[in-house]
file final05.txt (compact mmCIF, C-alpha atoms and all ligand atoms)
# COMPACT_ATOMS: atom_id res chain seq x y z
CA MET A 1 24.05 -0.03 -0.14
CA THR A 2 20.90 -0.15 2.02
CA THR A 3 21.11 3.58 2.83
CA ASP A 4 21.55 4.38 -0.85
CA LEU A 5 18.55 2.21 -1.72
CA ILE A 6 16.36 4.01 0.84
CA ALA A 7 17.28 7.40 -0.69
CA ARG A 8 16.80 6.28 -4.31
CA ARG A 9 13.51 4.61 -3.45
CA ALA A 10 12.19 7.77 -1.77
CA ALA A 11 13.38 9.97 -4.66
CA LEU A 12 11.70 7.70 -7.17
CA LEU A 13 8.51 6.52 -5.47
CA GLY A 14 7.56 9.70 -3.62
CA PRO A 15 6.51 10.26 -0.02
CA ASN A 16 4.54 7.96 2.27
CA VAL A 17 5.41 4.70 0.52
CA PRO A 18 5.31 2.21 3.37
CA THR A 19 8.29 0.13 4.43
CA PHE A 20 8.26 -2.03 7.51
CA TYR A 21 10.43 -1.06 10.49
CA ASP A 22 12.23 2.14 11.47
CA ARG A 23 15.31 0.63 9.89
CA PRO A 24 13.93 -1.05 6.77
CA VAL A 25 15.14 -4.57 6.09
CA HIS A 26 16.90 -5.09 2.77
CA ILE A 27 16.09 -8.68 1.91
CA VAL A 28 18.01 -10.39 -0.85
CA ARG A 29 17.16 -14.08 -0.48
CA GLY A 30 14.53 -16.36 1.04
CA GLN A 31 14.11 -20.06 1.71
CA GLY A 32 11.32 -21.75 3.66
CA VAL A 33 10.61 -19.61 6.74
CA TRP A 34 13.96 -17.81 6.51
CA LEU A 35 15.09 -14.58 4.89
CA TRP A 36 18.59 -13.13 4.46
CA ASP A 37 19.48 -9.46 4.19
CA ALA A 38 22.18 -7.82 2.09
CA ASP A 39 24.69 -8.22 4.93
CA GLY A 40 24.04 -11.94 5.15
CA ARG A 41 22.01 -11.71 8.36
CA ARG A 42 19.25 -14.30 8.76
CA TYR A 43 15.67 -13.46 9.81
CA LEU A 44 12.84 -15.75 10.85
CA ASP A 45 9.78 -14.71 8.85
CA CYS A 46 6.83 -14.68 11.25
CA TYR A 47 4.84 -12.20 9.23
CA ASN A 48 4.56 -13.10 5.60
CA ASN A 49 1.51 -14.96 4.34
CA VAL A 50 2.42 -14.44 0.67
CA PRO A 51 5.16 -17.14 0.50
CA HIS A 52 2.48 -19.47 1.83
CA VAL A 53 4.30 -22.77 1.33
CA GLY A 54 7.66 -21.23 2.19
CA HIS A 55 9.93 -18.77 0.40
CA CYS A 56 11.15 -20.02 -2.97
CA HIS A 57 9.59 -23.46 -2.57
CA PRO A 58 11.44 -25.58 -5.17
CA LYS A 59 8.25 -27.12 -6.60
CA VAL A 60 6.68 -23.70 -7.20
CA VAL A 61 9.93 -22.29 -8.59
CA GLU A 62 10.26 -25.26 -10.93
CA ALA A 63 6.63 -25.00 -12.12
CA ILE A 64 7.01 -21.28 -12.88
CA ALA A 65 10.32 -21.77 -14.67
CA ARG A 66 9.05 -24.69 -16.72
CA GLN A 67 5.90 -22.91 -17.84
CA ALA A 68 7.71 -19.62 -18.48
CA ALA A 69 10.10 -21.48 -20.75
CA THR A 70 7.20 -23.10 -22.62
CA LEU A 71 4.49 -20.50 -23.07
CA ASN A 72 3.13 -17.40 -21.42
CA THR A 73 0.57 -15.24 -23.13
CA HIS A 74 -2.66 -13.38 -22.53
CA THR A 75 -5.73 -15.33 -21.61
CA ARG A 76 -7.88 -15.39 -24.75
CA TYR A 77 -6.42 -18.62 -26.12
CA LEU A 78 -7.43 -22.04 -24.98
CA HIS A 79 -5.04 -23.42 -22.38
CA GLU A 80 -5.32 -26.37 -19.98
CA GLY A 81 -3.75 -24.39 -17.14
CA ILE A 82 -6.73 -22.33 -16.03
CA VAL A 83 -9.15 -25.23 -16.38
CA GLU A 84 -6.98 -27.72 -14.55
CA TYR A 85 -6.23 -25.30 -11.73
CA GLY A 86 -9.76 -23.90 -11.54
CA GLU A 87 -11.29 -27.38 -11.29
CA ARG A 88 -8.88 -28.33 -8.50
CA LEU A 89 -9.59 -25.10 -6.65
CA VAL A 90 -13.39 -25.14 -6.81
CA GLY A 91 -13.23 -28.74 -5.61
CA LYS A 92 -12.16 -27.26 -2.26
CA PHE A 93 -15.45 -25.34 -1.87
CA GLY A 94 -18.99 -26.29 -0.93
CA HIS A 95 -22.20 -24.26 -1.17
CA ASP A 96 -22.31 -24.58 -4.97
CA LEU A 97 -19.30 -22.24 -5.25
CA ARG A 98 -18.00 -23.79 -8.46
CA GLN A 99 -17.23 -21.06 -10.95
CA ILE A 100 -14.17 -18.86 -10.99
CA ILE A 101 -12.66 -15.69 -12.41
CA MET A 102 -8.90 -15.44 -12.21
CA VAL A 103 -7.24 -12.08 -11.60
CA CYS A 104 -3.87 -10.78 -10.43
CA THR A 105 -4.58 -9.21 -7.02
CA GLY A 106 -6.94 -9.37 -4.08
CA SER A 107 -8.07 -5.82 -4.90
CA GLU A 108 -9.23 -6.85 -8.35
CA ALA A 109 -11.01 -9.88 -6.93
CA ASN A 110 -12.85 -7.70 -4.41
CA ASP A 111 -13.73 -5.15 -7.08
CA ILE A 112 -15.42 -7.91 -9.05
CA ALA A 113 -17.19 -9.20 -5.94
CA LEU A 114 -18.73 -5.76 -5.35
CA ARG A 115 -19.93 -5.68 -8.93
CA MET A 116 -21.36 -9.19 -8.60
CA ALA A 117 -23.51 -8.04 -5.68
CA GLN A 118 -24.67 -5.05 -7.68
CA ALA A 119 -25.37 -7.20 -10.76
CA VAL A 120 -27.46 -9.71 -8.79
CA THR A 121 -29.49 -7.18 -6.82
CA GLY A 122 -29.63 -4.28 -9.27
CA LYS A 123 -28.75 -2.08 -6.27
CA THR A 124 -25.57 -0.26 -5.33
CA GLY A 125 -25.38 -0.08 -1.51
CA LEU A 126 -22.38 -1.78 0.11
CA ILE A 127 -21.39 -2.44 3.70
CA ALA A 128 -17.99 -3.15 5.27
CA THR A 129 -16.55 -2.66 8.73
CA ASP A 130 -15.11 0.68 9.80
CA ASN A 131 -11.66 -0.68 10.41
CA THR A 132 -10.73 -2.98 7.58
CA TYR A 133 -8.75 -3.26 4.39
CA HIS A 134 -10.01 -4.92 1.23
CA GLY A 135 -7.71 -3.42 -1.40
CA ASN A 136 -6.99 -0.41 -3.51
CA THR A 137 -9.10 -0.06 -6.65
CA THR A 138 -11.20 3.10 -6.45
CA ALA A 139 -14.37 1.19 -5.59
CA VAL A 140 -12.71 -1.12 -3.07
CA SER A 141 -10.72 1.69 -1.47
CA HIS A 142 -14.00 3.13 -0.24
CA LEU A 143 -14.27 0.06 1.97
CA SER A 144 -10.60 0.13 2.94
CA THR A 145 -9.63 3.53 4.09
CA ARG A 146 -9.86 5.08 7.50
CA ARG A 147 -9.58 8.52 5.92
CA PRO A 148 -12.53 9.92 3.99
CA PRO A 149 -11.77 9.92 0.26
CA ILE A 150 -11.54 13.23 -1.62
CA GLY A 151 -15.13 14.43 -1.94
CA GLY A 152 -16.16 12.61 1.25
CA TRP A 153 -17.51 9.12 1.83
CA PRO A 154 -19.57 7.90 -1.12
CA ALA A 155 -23.22 7.75 -0.10
CA HIS A 156 -23.69 4.14 -1.26
CA VAL A 157 -21.08 2.81 1.20
CA ARG A 158 -21.81 2.28 4.88
CA ARG A 159 -19.18 1.30 7.42
CA VAL A 160 -20.34 -0.57 10.49
CA PRO A 161 -18.45 -0.88 13.80
CA ALA A 162 -16.08 -3.84 13.65
CA PRO A 163 -16.09 -6.50 16.35
CA ASP A 164 -13.45 -5.89 18.99
CA SER A 165 -12.11 -8.04 21.79
CA LEU A 166 -10.98 -5.18 24.03
CA ALA A 167 -14.18 -3.14 23.69
CA PRO A 168 -16.80 -5.62 22.48
CA LEU A 169 -19.89 -4.33 20.69
CA GLY A 170 -22.93 -4.61 22.92
CA GLY A 171 -20.70 -4.46 26.02
CA SER A 172 -19.65 -8.13 26.22
CA LEU A 173 -18.16 -10.88 24.09
CA ALA A 174 -21.42 -12.80 24.45
CA ALA A 175 -23.49 -9.89 23.14
CA GLN A 176 -21.10 -9.09 20.30
CA PRO A 177 -22.50 -11.31 17.48
CA GLN A 178 -26.00 -9.82 17.86
CA ALA A 179 -24.67 -6.30 18.34
CA PHE A 180 -22.57 -6.58 15.17
CA ALA A 181 -25.62 -7.80 13.23
CA ALA A 182 -27.68 -4.94 14.64
CA GLY A 183 -25.13 -2.46 13.23
CA VAL A 184 -25.44 -4.14 9.85
CA ALA A 185 -29.26 -3.99 10.03
CA ARG A 186 -29.10 -0.25 10.76
CA ALA A 187 -26.77 0.33 7.81
CA ILE A 188 -29.08 -1.65 5.52
CA ALA A 189 -32.05 0.45 6.63
CA GLU A 190 -30.07 3.64 5.91
CA LEU A 191 -29.11 2.42 2.45
CA GLU A 192 -32.71 1.49 1.66
CA ALA A 193 -33.94 4.88 2.91
CA SER A 194 -31.29 6.71 0.86
CA GLY A 195 -32.51 5.15 -2.38
CA HIS A 196 -29.27 3.25 -3.04
CA GLY A 197 -30.71 0.00 -1.79
CA PHE A 198 -28.56 -2.82 -0.42
CA ALA A 199 -26.39 -4.97 -2.68
CA GLY A 200 -24.04 -6.75 -0.30
CA MET A 201 -21.69 -6.87 2.61
CA MET A 202 -17.96 -7.54 2.26
CA LEU A 203 -16.18 -9.08 5.21
CA CYS A 204 -13.14 -11.05 6.16
CA PRO A 205 -14.51 -14.07 8.03
CA ILE A 206 -11.86 -13.82 10.74
CA PHE A 207 -11.68 -9.99 10.72
CA ALA A 208 -7.94 -10.26 10.16
CA ASN A 209 -7.14 -6.59 9.57
CA GLU A 210 -9.52 -5.53 12.33
CA GLY A 211 -7.32 -7.39 14.81
CA MET A 212 -8.78 -10.92 14.61
CA PRO A 213 -11.20 -10.42 17.51
CA GLU A 214 -12.68 -13.45 19.24
CA ALA A 215 -15.23 -14.86 16.75
CA GLY A 216 -15.99 -18.56 16.96
CA PRO A 217 -18.32 -20.78 14.93
CA GLY A 218 -21.73 -19.14 14.58
CA PHE A 219 -20.42 -15.64 15.29
CA LEU A 220 -21.58 -14.37 11.92
CA ASP A 221 -24.88 -16.27 11.79
CA PRO A 222 -27.01 -13.30 12.93
CA THR A 223 -25.27 -11.03 10.41
CA VAL A 224 -25.65 -13.49 7.54
CA GLU A 225 -29.33 -13.80 8.43
CA VAL A 226 -29.80 -10.01 8.40
CA VAL A 227 -28.01 -9.67 5.04
CA ARG A 228 -29.98 -12.52 3.43
CA ARG A 229 -33.32 -11.26 4.70
CA ALA A 230 -32.57 -7.92 3.03
CA GLY A 231 -31.74 -9.69 -0.25
CA GLY A 232 -28.02 -8.81 -0.17
CA LEU A 233 -24.99 -10.96 -0.91
CA ILE A 234 -22.26 -12.05 1.49
CA LEU A 235 -18.92 -11.28 -0.11
CA CYS A 236 -16.29 -13.18 1.78
CA ASP A 237 -12.73 -11.87 1.54
CA GLU A 238 -10.51 -14.91 2.12
CA VAL A 239 -7.30 -13.13 1.10
CA GLN A 240 -5.89 -13.60 4.60
CA PRO A 241 -7.56 -16.69 6.11
CA GLY A 242 -7.70 -18.76 2.89
CA PHE A 243 -5.68 -21.79 1.83
CA GLY A 244 -5.58 -23.42 5.25
CA ARG A 245 -4.14 -20.58 7.28
CA VAL A 246 -6.81 -21.09 9.95
CA GLY A 247 -5.65 -24.69 10.45
CA SER A 248 -9.07 -26.19 11.16
CA HIS A 249 -10.29 -25.78 7.57
CA TRP A 250 -9.22 -24.63 4.12
CA TRP A 251 -11.33 -21.48 4.37
CA GLY A 252 -12.22 -19.02 7.09
CA HIS A 253 -15.93 -19.18 6.30
CA GLU A 254 -15.88 -22.93 6.94
CA ALA A 255 -14.30 -22.32 10.33
CA LEU A 256 -17.12 -19.95 11.21
CA GLY A 257 -19.73 -22.17 9.59
CA PHE A 258 -21.52 -19.92 7.13
CA ALA A 259 -22.19 -20.00 3.39
CA PRO A 260 -20.90 -17.03 1.38
CA ASP A 261 -22.27 -16.06 -2.03
CA VAL A 262 -18.89 -14.91 -3.33
CA VAL A 263 -15.38 -15.72 -2.09
CA THR A 264 -12.28 -13.72 -3.03
CA LEU A 265 -8.72 -15.01 -2.90
CA GLY A 266 -5.26 -13.51 -3.31
CA LYS A 267 -1.99 -13.20 -1.50
CA PRO A 268 -1.03 -16.81 -0.62
CA MET A 269 -2.58 -18.32 -3.73
CA ALA A 270 0.57 -18.74 -5.84
CA ASN A 271 3.28 -18.30 -3.23
CA GLY A 272 4.21 -14.78 -4.30
CA HIS A 273 3.33 -14.87 -7.97
CA PRO A 274 0.54 -12.27 -8.40
CA VAL A 275 -2.59 -14.39 -8.58
CA GLY A 276 -6.08 -13.81 -7.21
CA ALA A 277 -9.52 -15.24 -7.88
CA VAL A 278 -13.24 -14.86 -7.36
CA VAL A 279 -15.20 -18.04 -6.67
CA THR A 280 -18.97 -18.02 -6.83
CA ARG A 281 -22.17 -19.85 -7.73
CA PRO A 282 -23.28 -20.19 -11.37
CA ASP A 283 -26.32 -17.92 -10.82
CA VAL A 284 -24.13 -15.10 -9.47
CA MET A 285 -21.60 -15.57 -12.26
CA ALA A 286 -24.35 -15.48 -14.89
CA ALA A 287 -25.72 -12.19 -13.52
CA PHE A 288 -22.22 -10.71 -13.47
CA ARG A 289 -21.34 -11.85 -16.98
CA GLN A 290 -24.60 -10.43 -18.24
CA ALA A 291 -24.15 -7.04 -16.57
CA PHE A 292 -20.42 -6.53 -17.24
CA GLY A 293 -18.06 -7.59 -19.97
CA TYR A 294 -14.99 -8.66 -18.05
CA PHE A 295 -11.57 -9.54 -19.38
CA ASN A 296 -8.26 -9.64 -17.57
CA THR A 297 -5.13 -9.76 -19.74
CA PHE A 298 -2.90 -11.41 -17.16
CA GLY A 299 -5.42 -13.11 -14.86
CA GLY A 300 -5.16 -16.87 -15.21
CA ASN A 301 -2.24 -16.84 -17.66
CA PRO A 302 -0.33 -20.12 -18.07
CA VAL A 303 2.53 -19.17 -15.71
CA SER A 304 0.15 -17.89 -13.02
CA CYS A 305 -1.88 -21.09 -13.18
CA ALA A 306 1.25 -23.25 -13.04
CA ALA A 307 2.39 -21.34 -9.94
CA ALA A 308 -1.03 -21.61 -8.30
CA LEU A 309 -1.37 -25.30 -9.14
CA ALA A 310 2.05 -26.08 -7.72
CA THR A 311 1.21 -24.12 -4.55
CA LEU A 312 -2.05 -26.02 -4.10
CA GLY A 313 -0.18 -29.29 -4.62
CA VAL A 314 2.41 -28.44 -1.97
CA ILE A 315 -0.27 -27.49 0.57
CA GLU A 316 -1.81 -30.92 0.06
CA ASP A 317 1.36 -33.02 -0.31
CA GLU A 318 3.09 -31.53 2.72
CA GLY A 319 -0.02 -31.57 4.92
CA LEU A 320 0.29 -27.86 5.58
CA VAL A 321 -3.28 -27.33 6.79
CA ALA A 322 -2.73 -29.94 9.51
CA ASN A 323 0.65 -28.34 10.25
CA ALA A 324 -1.08 -24.98 10.72
CA ARG A 325 -3.51 -26.63 13.13
CA ASP A 326 -0.88 -28.53 15.14
CA VAL A 327 1.97 -26.02 15.22
CA GLY A 328 -0.62 -23.27 15.61
CA ALA A 329 -2.02 -24.88 18.76
CA TYR A 330 1.49 -25.48 20.10
CA ALA A 331 2.63 -21.90 19.44
CA LEU A 332 -0.59 -20.46 20.89
CA GLY A 333 0.12 -22.43 24.06
CA LEU A 334 3.60 -20.90 24.27
CA MET A 335 2.30 -17.39 23.61
CA SER A 336 -0.44 -17.80 26.20
CA GLY A 337 2.29 -18.44 28.76
CA LEU A 338 3.89 -15.03 28.16
CA ASP A 339 3.66 -12.80 31.15
CA HIS A 340 3.50 -9.03 30.86
CA PRO A 341 1.24 -6.43 32.46
CA LEU A 342 0.34 -4.93 29.07
CA ILE A 343 -0.79 -8.23 27.51
CA ALA A 344 -4.58 -7.95 27.42
CA ASP A 345 -5.29 -10.98 25.26
CA VAL A 346 -3.57 -13.70 23.25
CA ARG A 347 -5.51 -15.39 20.47
CA GLY A 348 -4.82 -17.58 17.50
CA ARG A 349 -6.36 -19.44 14.61
CA GLY A 350 -4.04 -21.96 13.02
CA LEU A 351 -0.91 -20.05 12.06
CA PHE A 352 -2.36 -16.59 12.67
CA PHE A 353 -1.83 -15.03 16.07
CA GLY A 354 -2.68 -11.76 17.75
CA ILE A 355 -1.18 -10.54 21.01
CA GLU A 356 -3.16 -7.53 22.18
CA PHE A 357 -1.46 -4.87 24.29
CA ALA A 358 -3.51 -2.52 26.44
CA ALA A 359 -3.30 -0.49 29.63
CA GLY A 360 -6.44 0.26 31.60
CA GLY A 361 -8.57 -0.83 28.64
CA GLU A 362 -6.75 1.55 26.26
CA PRO A 363 -4.65 0.23 23.36
CA ALA A 364 -0.89 0.29 24.06
CA THR A 365 0.01 1.26 20.51
CA GLU A 366 3.48 2.67 21.09
CA PHE A 367 4.56 -0.27 23.19
CA CYS A 368 3.43 -2.63 20.43
CA GLY A 369 5.50 -0.65 17.93
CA ARG A 370 8.57 -0.88 20.14
CA VAL A 371 8.14 -4.65 20.45
CA VAL A 372 7.96 -5.04 16.66
CA GLU A 373 11.17 -3.02 16.21
CA ALA A 374 13.00 -4.89 18.98
CA MET A 375 12.00 -8.23 17.45
CA ARG A 376 13.28 -7.08 14.08
CA ASP A 377 16.60 -6.22 15.71
CA ARG A 378 16.71 -9.78 17.03
CA GLY A 379 16.11 -11.18 13.55
CA ILE A 380 12.41 -12.00 13.88
CA LEU A 381 9.98 -10.30 11.53
CA LEU A 382 6.42 -9.68 12.62
CA GLY A 383 3.83 -6.92 12.25
CA ARG A 384 0.78 -5.39 13.87
CA ILE A 385 -2.95 -5.04 13.34
CA GLY A 386 -6.06 -3.63 15.00
CA ARG A 387 -7.91 -0.31 15.12
CA ALA A 388 -4.99 1.26 17.01
CA GLN A 389 -2.23 -0.96 15.62
CA HIS A 390 -1.78 -2.29 19.13
CA ILE A 391 -1.99 -6.00 18.38
CA LEU A 392 1.13 -7.94 17.54
CA LYS A 393 0.52 -10.00 14.42
CA LEU A 394 2.32 -13.26 13.76
CA ARG A 395 1.36 -14.98 10.52
CA PRO A 396 4.31 -17.04 9.31
CA PRO A 397 4.62 -19.19 6.19
CA MET A 398 2.72 -22.47 6.58
CA PRO A 399 5.73 -24.82 7.03
CA PHE A 400 6.44 -23.04 10.35
CA SER A 401 7.70 -25.66 12.82
CA ARG A 402 7.60 -26.13 16.58
CA GLU A 403 11.31 -25.22 16.68
CA ASN A 404 10.52 -21.99 14.83
CA ALA A 405 7.76 -21.27 17.34
CA ASP A 406 10.12 -21.96 20.26
CA LEU A 407 12.64 -19.52 18.84
CA ALA A 408 10.10 -16.77 18.13
CA VAL A 409 8.37 -16.97 21.49
CA ALA A 410 11.64 -17.17 23.45
CA ALA A 411 12.81 -14.01 21.69
CA LEU A 412 9.48 -12.36 22.39
CA ALA A 413 9.72 -13.23 26.08
CA GLU A 414 13.13 -11.53 26.23
CA VAL A 415 11.94 -8.50 24.30
CA LEU A 416 8.95 -8.14 26.62
CA ARG A 417 11.35 -8.12 29.56
CA GLU A 418 13.61 -5.49 27.98
CA VAL A 419 11.34 -3.04 26.13
CA PRO A 420 10.14 -0.21 28.38
CA ALA A 421 6.39 -0.30 28.95
N1 LIG B 501 -8.20 -8.13 1.24
C1 LIG B 501 -7.50 -8.24 2.37
C2 LIG B 501 -8.17 -8.81 3.58
C3 LIG B 501 -6.17 -7.85 2.42
O1 LIG B 501 -5.48 -7.95 3.57
C4 LIG B 501 -5.56 -7.33 1.26
C5 LIG B 501 -4.10 -6.92 1.22
N2 LIG B 501 -3.52 -6.61 2.41
C6 LIG B 501 -6.33 -7.21 0.09
C7 LIG B 501 -7.63 -7.65 0.12
C8 LIG B 501 -5.76 -6.63 -1.17
O2 LIG B 501 -4.97 -7.53 -1.84
P1 LIG B 501 -3.91 -6.99 -2.92
O3 LIG B 501 -2.88 -6.20 -2.20
O4 LIG B 501 -3.39 -8.26 -3.57
O5 LIG B 501 -4.67 -6.17 -3.90

call {"tool": "encode", "arguments": {"input": "final05.txt", "output": "structure tokens"}}
result
Amino acid sequence: MTTDLIARRAALLGPNVPTFYDRPVHIVRGQGVWLWDADGRRYLDCYNNVPHVGHCHPKVVEAIARQAATLNTHTRYLHEGIVEYGERLVGKFGHDLRQIIMVCTGSEANDIALRMAQAVTGKTGLIATDNTYHGNTTAVSHLSTRRPPIGGWPAHVRRVPAPDSLAPLGGSLAAQPQAFAAGVARAIAELEASGHGFAGMMLCPIFANEGMPEAGPGFLDPTVEVVRRAGGLILCDEVQPGFGRVGSHWWGHEALGFAPDVVTLGKPMANGHPVGAVVTRPDVMAAFRQAFGYFNTFGGNPVSCAAALATLGVIEDEGLVANARDVGAYALGLMSGLDHPLIADVRGRGLFFGIEFAAGGEPATEFCGRVVEAMRDRGILLGRIGRAQHILKLRPPMPFSRENADLAVAALAEVLREVPA
């Protein structure tokens, strides 16, 4: 059945549609941190941040089913759902971030964020890092791709070198925050000189897709200062760190201690139901609403809001942010004890871990790939990140337990012993 599905999928969807693993996993059921394939084999999900409160959490399932059986429609009628959820959500933010637009994906949220910066400043220039992903609308894809788009890089987008733990900007981890900000300052100057002007910078506060390099509190202060001085907006993509993933706080920007102008949310927001949002200040929202008419047929519909509200409730009721902090610290301790000549660094933030593989300062990309495949064969699903895809990424659902961590790290220790370097 799985082989047939691979062939039909390829015939239907065309080439280059990504699947994880050399031998794709055909998942048919999920519960908590566990997944089962079509042959009944069980996998520990150490990768998936979408089922944030656990696969098929009964409270989220029940909320979706109840609302779907009552009403689901487009979003131009009055409905309590969006207001009740939105009020609960903005209550989790400071910095006057108290207005919201609900959408269906992180890409849409980021597309709006870019337009907010342009609406506020009246300028078009945008900055992102050279090794990131923010989504796939046409505008956002210009910040996401490593390949130049057809027609070349648009002149209003500048990509600055991303922070890196293996090869830090400025030559050392200590110099990196200033060196990163200096790159941003250069890009701003180029945008001003080109006539586009500078509207804003989009960044993930923990640089998740870039490989989650070492970046503690204050890391982004020099960059935020440079952006503000130039009159631009900080557009903070919380699609990966948001909703308590980082353990110490609800949001990545809180963990780093800076104030964004716009925050975007997605993936974990409704435990797999397609929900995203943009959260911002009233002045930014007013400028956006004035410059663009915006309507989203599905964004914030009653079922989406029920799913998101239930997810928020579970995070709170089950203490999942504290769990991310505690189990995260425990698991990081275990991972830090792993011994292998190619391990260059082990780092973690709550329930988000990166194990960087390198040899002589060069990324050990192929080795990392072999480890991911070998772990899959042992029933443990994880992925990879970083400029060379050489960093093992573990980012399990938030109810991940110490026992789960024991199992995953024990398997990893065995795989590291067995996989040829
Ligand atoms: N921002 C970040 C940081 C992401 O990792 C992703 C998805 N991987 C997106 C935005 C896009 O979200 P979506 O796929 O829901 O459009």

call {"tool": "closest_atom_pairs", "arguments": {"input": "final05.txt", "of": "chain A", "to": "ligand LIG 501 (chain B)", "cutoff": "9 Å", "atoms": "only C-alpha atoms and all ligand atoms", "output": "CSV"}}
result
residue,atom,partner,partner_atom,distance
A:Cys104,CA,B:LIG501,O4,7.3
A:Thr105,CA,B:LIG501,O4,3.8
A:Gly106,CA,B:LIG501,O2,3.5
A:Ser107,CA,B:LIG501,O5,3.6
A:Glu108,CA,B:LIG501,O5,6.4
A:Ala109,CA,B:LIG501,O5,7.9
A:Asn110,CA,B:LIG501,C7,6.9
A:Thr132,CA,B:LIG501,C2,7.5
A:Tyr133,CA,B:LIG501,C1,5.5
A:His134,CA,B:LIG501,N1,3.7
A:Gly135,CA,B:LIG501,C8,3.8
A:Asn136,CA,B:LIG501,O5,6.2
A:Thr137,CA,B:LIG501,O5,8.0
A:Val140,CA,B:LIG501,C7,8.9
A:Ser144,CA,B:LIG501,N1,8.8
A:Leu203,CA,B:LIG501,C2,8.2
A:Cys204,CA,B:LIG501,C2,6.0
A:Phe207,CA,B:LIG501,C2,8.0
A:Ala208,CA,B:LIG501,C2,6.7
A:Asn209,CA,B:LIG501,O1,6.4
A:Asp237,CA,B:LIG501,C2,5.9
A:Glu238,CA,B:LIG501,C2,6.7
A:Val239,CA,B:LIG501,C1,5.1
A:Gln240,CA,B:LIG501,C2,5.4
A:Pro241,CA,B:LIG501,C2,8.3
A:Thr264,CA,B:LIG501,N1,8.1
A:Leu265,CA,B:LIG501,C7,8.0
A:Gly266,CA,B:LIG501,O4,5.6
A:Lys267,CA,B:LIG501,O4,5.5
A:Pro274,CA,B:LIG501,O4,7.4
A:Val275,CA,B:LIG501,O4,8.0
A:Gly276,CA,B:LIG501,O4,7.2

call {"tool": "atom_distance", "arguments": {"input": "final05.txt", "atom1": "atom CA of Glu225 of chain A", "atom2": "atom CA of Phe258 of chain A"}}
result
10.0 Å

call {"tool": "closest_residue", "arguments": {"input": "final05.txt", "among": "A:His52, A:His26, A:Lys393, A:His196", "to": "Gly40 of chain A", "atoms": "only C-alpha atoms"}}
result
A:His26

call {"tool": "closest_residue", "arguments": {"input": "final05.txt", "among": "A:Arg347, A:Arg158, A:Lys123, A:Arg417", "to": "Ala331 of chain A", "atoms": "only C-alpha atoms"}}
result
A:Arg347

call {"tool": "closest_residue", "arguments": {"input": "final05.txt", "among": "A:Gly386, A:Gly293, A:Gly348, A:Pro420", "to": "Phe367 of chain A", "atoms": "only C-alpha atoms"}}
result
A:Pro420

call {"tool": "closest_residue", "arguments": {"input": "final05.txt", "among": "A:Gln67, A:Thr73, A:Asn48, A:Thr124", "to": "Phe298 of chain A", "atoms": "all atoms listed in the file"}}
result
A:Thr73

call {"tool": "closest_residue", "arguments": {"input": "final05.txt", "among": "A:Gly242, A:Gly125, A:Gly216, A:Pro168", "to": "Gly200 of chain A", "atoms": "only C-alpha atoms"}}
result
A:Gly125

call {"tool": "closest_residue", "arguments": {"input": "final05.txt", "among": "A:Val303, A:Ala199, A:Ala322, A:Ala374", "to": "Leu71 of chain A", "atoms": "all atoms listed in the file"}}
result
A:Val303

call {"tool": "residues_around", "arguments": {"input": "final05.txt", "residues": "Pro177 of chain A", "least_positions_apart": "4", "cutoff": "12 Å", "atoms": "only C-alpha atoms", "output": "PDB file with C-alpha atoms, in the coordinates of the input"}}
result
ATOM      1  CA  PRO A 161     -18.450  -0.880  13.800  1.00  0.00           C
ATOM      2  CA  ALA A 162     -16.080  -3.840  13.650  1.00  0.00           C
ATOM      3  CA  PRO A 163     -16.090  -6.500  16.350  1.00  0.00           C
ATOM      4  CA  ASP A 164     -13.450  -5.890  18.990  1.00  0.00           C
ATOM      5  CA  SER A 165     -12.110  -8.040  21.790  1.00  0.00           C
ATOM      6  CA  PRO A 168     -16.800  -5.620  22.480  1.00  0.00           C
ATOM      7  CA  LEU A 169     -19.890  -4.330  20.690  1.00  0.00           C
ATOM      8  CA  GLY A 170     -22.930  -4.610  22.920  1.00  0.00           C
ATOM      9  CA  GLY A 171     -20.700  -4.460  26.020  1.00  0.00           C
ATOM     10  CA  SER A 172     -19.650  -8.130  26.220  1.00  0.00           C
ATOM     11  CA  LEU A 173     -18.160 -10.880  24.090  1.00  0.00           C
ATOM     12  CA  ALA A 181     -25.620  -7.800  13.230  1.00  0.00           C
ATOM     13  CA  ALA A 182     -27.680  -4.940  14.640  1.00  0.00           C
ATOM     14  CA  GLY A 183     -25.130  -2.460  13.230  1.00  0.00           C
ATOM     15  CA  VAL A 184     -25.440  -4.140   9.850  1.00  0.00           C
ATOM     16  CA  PRO A 213     -11.200 -10.420  17.510  1.00  0.00           C
ATOM     17  CA  GLU A 214     -12.680 -13.450  19.240  1.00  0.00           C
ATOM     18  CA  ALA A 215     -15.230 -14.860  16.750  1.00  0.00           C
ATOM     19  CA  GLY A 216     -15.990 -18.560  16.960  1.00  0.00           C
ATOM     20  CA  PRO A 217     -18.320 -20.780  14.930  1.00  0.00           C
ATOM     21  CA  GLY A 218     -21.730 -19.140  14.580  1.00  0.00           C
ATOM     22  CA  PHE A 219     -20.420 -15.640  15.290  1.00  0.00           C
ATOM     23  CA  LEU A 220     -21.580 -14.370  11.920  1.00  0.00           C
ATOM     24  CA  ASP A 221     -24.880 -16.270  11.790  1.00  0.00           C
ATOM     25  CA  PRO A 222     -27.010 -13.300  12.930  1.00  0.00           C
ATOM     26  CA  THR A 223     -25.270 -11.030  10.410  1.00  0.00           C
ATOM     27  CA  VAL A 224     -25.650 -13.490   7.540  1.00  0.00           C
ATOM     28  CA  GLU A 225     -29.330 -13.800   8.430  1.00  0.00           C
ATOM     29  CA  VAL A 226     -29.800 -10.010   8.400  1.00  0.00           C
ATOM     30  CA  LEU A 256     -17.120 -19.950  11.210  1.00  0.00           C
TER      31      LEU A 256
END
